[in-house]
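One structure is given below, encoded as structure tokens.
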Amino acid sequence: MMPEPDQKLLQTAASAVPDAHAGPHLSLSGLWFLIADPSAKRLMWLETATAQIEGKGAGLKQAALSEALSALAPQTQKNLLNLFNTVIRKGKCGPIDVGTDAESGIAGISLTGWRYDAGDGRQFVICHPSTVAAGGEGGHVVRGLAPILKHFVENSGKIVMTADNFGYVRYASPGFFHAFGIDDPALCIGRNIAHIPKRVGKTLAALIQTVLARSSSASGKGRFKMPNGDTMVMHYSALFFRLSETAGGVVFTAEPDGHSEADFTRIFDVLTSPVIVVDTKTRKMLAANKAARKAFQLTQQSMDEHPITETLLHPKSYGLLLEAAKKANNIPIAVVVNSLDGSSRNKRIRAIFIDNDEDPPHLVLESRA
């Protein structure tokens, strides 16, 4: 518990009314540091204009303590005076949150304060905004940005993940968890990516660590090792950003090579029957639902590297299915399917075309469950 500050000083600060023609008033937005002189009851601070649309109000300022705090909410004034009082008594205090609006949910800033003992016996309080260092939950992205970043990442329909400048995974989209086969997000969110390569895959973990170490973005096309041992070729971007000396991170976005795969998989995974989507031009499997992957022992690597006529179906069997789809024959055809575990068995498969307006169209193969 913090001791109560001097009540007379508190009442003086809280009762002051801001005057547009009076001296400057402290604004927590854009604050770099502040120095309080309790004996003289004065405040000096430096703020930037980055948080102000008109770009005014930047620079080093000073004013009487009551005047400087008069534009702040009463509770914020009390929190600041509590901070000053504790620093004088203990030598250090913080980080503590000030300026938070509980009703609107708008976050304030986190301040840390130290006491400076001058040679003439006077004591000063020096405070500056702080971020929480690695440890516990790990580092924090800047408070004001965090809710916005969280909203856009978690509501994205694409593969998106953010890690802070300490390497802790902060936010991720549903598409990220789906693509990387992560069933329990709690095993990743809030964890340092260097400690969980088995949960997010060694490729992604190494990429994020490299981007952070070099403070440089990276993008391209590469094969990512999945947590389950499979691999997936993706077009990716790892954007490095820095908001201050201690706040920043990486925004990772990706799209599977042959990006329609993700859309197909989300739809077909709800089906209990094995379903495969084939590119009729390359004969490669664009997507396979969970039932098909399990029934035919499919891996993403085998789908990316080999056409279906070199894995599951003989070219003649594939030709029969293609002809049935062209004739719009919805009756299943009996063909031999060669699973990747080496077994072969007769299966009745229904073949239909989708995206007929495309050239070539996609072929959907549905087997009985």
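Here, A, B, ... name the chains of the structure tokens in the order displayed, residue numbers run from 1 inside each chain, and ligands are numbered from 1 in the same displayed order.
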
- Who sits within 7 Å of A:Ala254, only C-alpha atoms, same chain under 5 positions skipped, as a PyMOL selection string: chain A and resi 159-160+234-237

Just N, CA, C and O atoms for this one: save the residues we selected as a CSV table (one decimal), in the first residue's frame.
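Result written to selection27.csv:
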```csv
chain,number,residue,atom,x,y,z
A,159,ILE,N,-3.3,-15.6,-42.1
A,159,ILE,CA,-2.3,-16.1,-41.1
A,159,ILE,C,-1.5,-14.9,-40.6
A,159,ILE,O,-0.7,-14.4,-41.3
A,160,VAL,N,-1.8,-14.5,-39.4
A,160,VAL,CA,-1.1,-13.4,-38.8
A,160,VAL,C,-0.7,-13.7,-37.4
A,160,VAL,O,-1.5,-14.3,-36.6
A,234,MET,N,5.1,-21.4,-48.1
A,234,MET,CA,4.2,-20.2,-47.9
A,234,MET,C,5.0,-19.0,-48.4
A,234,MET,O,6.2,-18.9,-48.3
A,235,HIS,N,4.2,-18.0,-48.8
A,235,HIS,CA,4.7,-16.7,-49.1
A,235,HIS,C,4.5,-15.9,-47.8
A,235,HIS,O,3.5,-15.9,-47.2
A,236,TYR,N,5.6,-15.4,-47.3
A,236,TYR,CA,5.6,-14.8,-45.9
A,236,TYR,C,6.2,-13.4,-45.9
A,236,TYR,O,6.9,-13.0,-46.8
A,237,SER,N,5.8,-12.7,-44.8
A,237,SER,CA,6.4,-11.4,-44.5
A,237,SER,C,6.6,-11.3,-43.0
A,237,SER,O,5.6,-11.5,-42.3
```

- Pick out the residues sitting within 7 Å of A:Ile109, and hand them over as a ChimeraX atom specification; count only C-alpha atoms, and ignore anything fewer than 3 positions along from it in its own chain. /A:97-99,129

Dump of all heavy atoms for the selected residues, as a compact mmCIF listing (two decimals), in the first residue's frame:
```txt
# COMPACT_ATOMS: atom_id res chain seq x y z
N ASP A 97 0.53 2.38 -13.08
CA ASP A 97 -0.30 2.96 -14.13
C ASP A 97 -0.94 4.24 -13.65
O ASP A 97 -1.50 4.30 -12.55
CB ASP A 97 -1.39 1.98 -14.56
CG ASP A 97 -0.82 0.74 -15.22
OD1 ASP A 97 0.28 0.82 -15.78
OD2 ASP A 97 -1.49 -0.31 -15.16
N VAL A 98 -0.86 5.27 -14.46
CA VAL A 98 -1.53 6.53 -14.18
C VAL A 98 -2.29 6.98 -15.42
O VAL A 98 -1.86 6.70 -16.55
CB VAL A 98 -0.54 7.63 -13.74
CG1 VAL A 98 0.11 7.28 -12.43
CG2 VAL A 98 0.50 7.88 -14.81
N GLY A 99 -3.40 7.65 -15.21
CA GLY A 99 -4.17 8.17 -16.34
C GLY A 99 -5.12 7.19 -16.97
O GLY A 99 -5.73 7.48 -18.00
N PRO A 129 8.20 7.21 -18.52
CA PRO A 129 7.36 6.06 -18.92
C PRO A 129 8.22 4.83 -19.06
O PRO A 129 9.38 4.89 -19.45
CB PRO A 129 6.78 6.49 -20.27
CG PRO A 129 6.86 7.98 -20.26
CD PRO A 129 8.10 8.32 -19.48
```

- Message: Between atom CA of A:Pro360 and atom CA of A:Gly319, what is the distance in Å, rounded to a tenth?
- Response: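 These atoms are spaced 15.0 Å apart.
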
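Neighbours of A:Phe152 closer than or equal to 12 Å, with only C-alpha atoms counted and sequence neighbours fewer than 2 positions away skipped, come out as Leu145, Ala146, Pro147, Ile148, Leu149, Lys150, Glu154, Asn155, Ser156, Gly157, Lys158, Ile159, Val160, Met161, Thr162, Tyr171, Ala172, Ser173, Pro174 and Val251 of chain A.
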
- Message: Can you tell me, as a ChimeraX atom specification, which residues in stretch 210-351 of chain A count as alpha helix (DSSP H) by DSSP?
- Response: /A:210-214,260-268,290-296,300-305,315-326

Could you give me, as an mmCIF file with C-alpha atoms, in the first residue's frame, the residues within 9 Å of A:Leu340, counting only C-alpha atoms and dropping anything in the same chain fewer than 3 positions from it?
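New file selection-v7.cif:
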```cif
data_model
loop_
_atom_site.group_PDB
_atom_site.id
_atom_site.type_symbol
_atom_site.label_atom_id
_atom_site.label_comp_id
_atom_site.auth_asym_id
_atom_site.auth_seq_id
_atom_site.Cartn_x
_atom_site.Cartn_y
_atom_site.Cartn_z
ATOM 1 C CA PHE A 296 -4.759 -41.828 -47.077
ATOM 2 C CA GLN A 297 -1.818 -40.846 -44.806
ATOM 3 C CA LEU A 298 -1.371 -37.552 -46.648
ATOM 4 C CA THR A 311 0.728 -40.952 -55.126
ATOM 5 C CA LEU A 312 -2.918 -41.912 -54.631
ATOM 6 C CA SER A 343 -1.617 -50.162 -48.708
#
```

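Proximity to A:Pro274 was assessed for A:Leu365, A:Ala351, A:Ile308, A:Leu322 counting only C-alpha atoms; the smallest distance is recorded for A:Leu365.
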
- When distances are computed from only C-alpha atoms, which of A:Leu34, A:Leu271, A:Ile189, A:Met303 shows the smallest separation from A:Ala291?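 Among the listed residues, the smallest separation from A:Ala291 belongs to A:Leu271.
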
- Near A:Leu313, within 12 Å and counting only C-alpha atoms, which residues show up once chain neighbours fewer than 6 positions away are dropped, as a list in words?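 Those residues are Val278, Arg283, Lys284, Met285, Phe296, His306, Pro307, Gly319, Leu320, Leu321, Leu322, Ala334, Val335, Val336, Val337, Asn338, Ser339, Leu340, Ser344, Arg345, Asn346, Lys347, Ile349 and Leu365 of chain A.
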
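Residues with any atom within 7 Å of A:Ala163, counting only C-alpha atoms and excluding same-chain neighbours fewer than 5 positions away, are A:Tyr168, A:Val169, A:Arg170, A:Gly249, A:Val250, A:Val251.
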
Serialized selection, N, CA and C atoms, as a CSV table (one decimal), in the first residue's frame:
```
chain,number,residue,atom,x,y,z
A,168,TYR,N,8.2,-12.6,-27.3
A,168,TYR,CA,7.1,-13.2,-26.7
A,168,TYR,C,5.9,-13.1,-27.7
A,169,VAL,N,5.2,-14.3,-27.9
A,169,VAL,CA,4.1,-14.3,-28.9
A,169,VAL,C,2.9,-13.5,-28.2
A,170,ARG,N,2.4,-12.5,-28.8
A,170,ARG,CA,1.4,-11.7,-28.2
A,170,ARG,C,0.0,-12.0,-28.7
A,249,GLY,N,8.6,-5.0,-32.1
A,249,GLY,CA,8.3,-6.4,-32.3
A,249,GLY,C,8.3,-6.8,-33.8
A,250,VAL,N,7.6,-7.9,-34.1
A,250,VAL,CA,7.5,-8.4,-35.4
A,250,VAL,C,6.1,-8.8,-35.7
A,251,VAL,N,5.6,-8.4,-36.9
A,251,VAL,CA,4.3,-8.8,-37.4
A,251,VAL,C,4.5,-9.8,-38.5
```
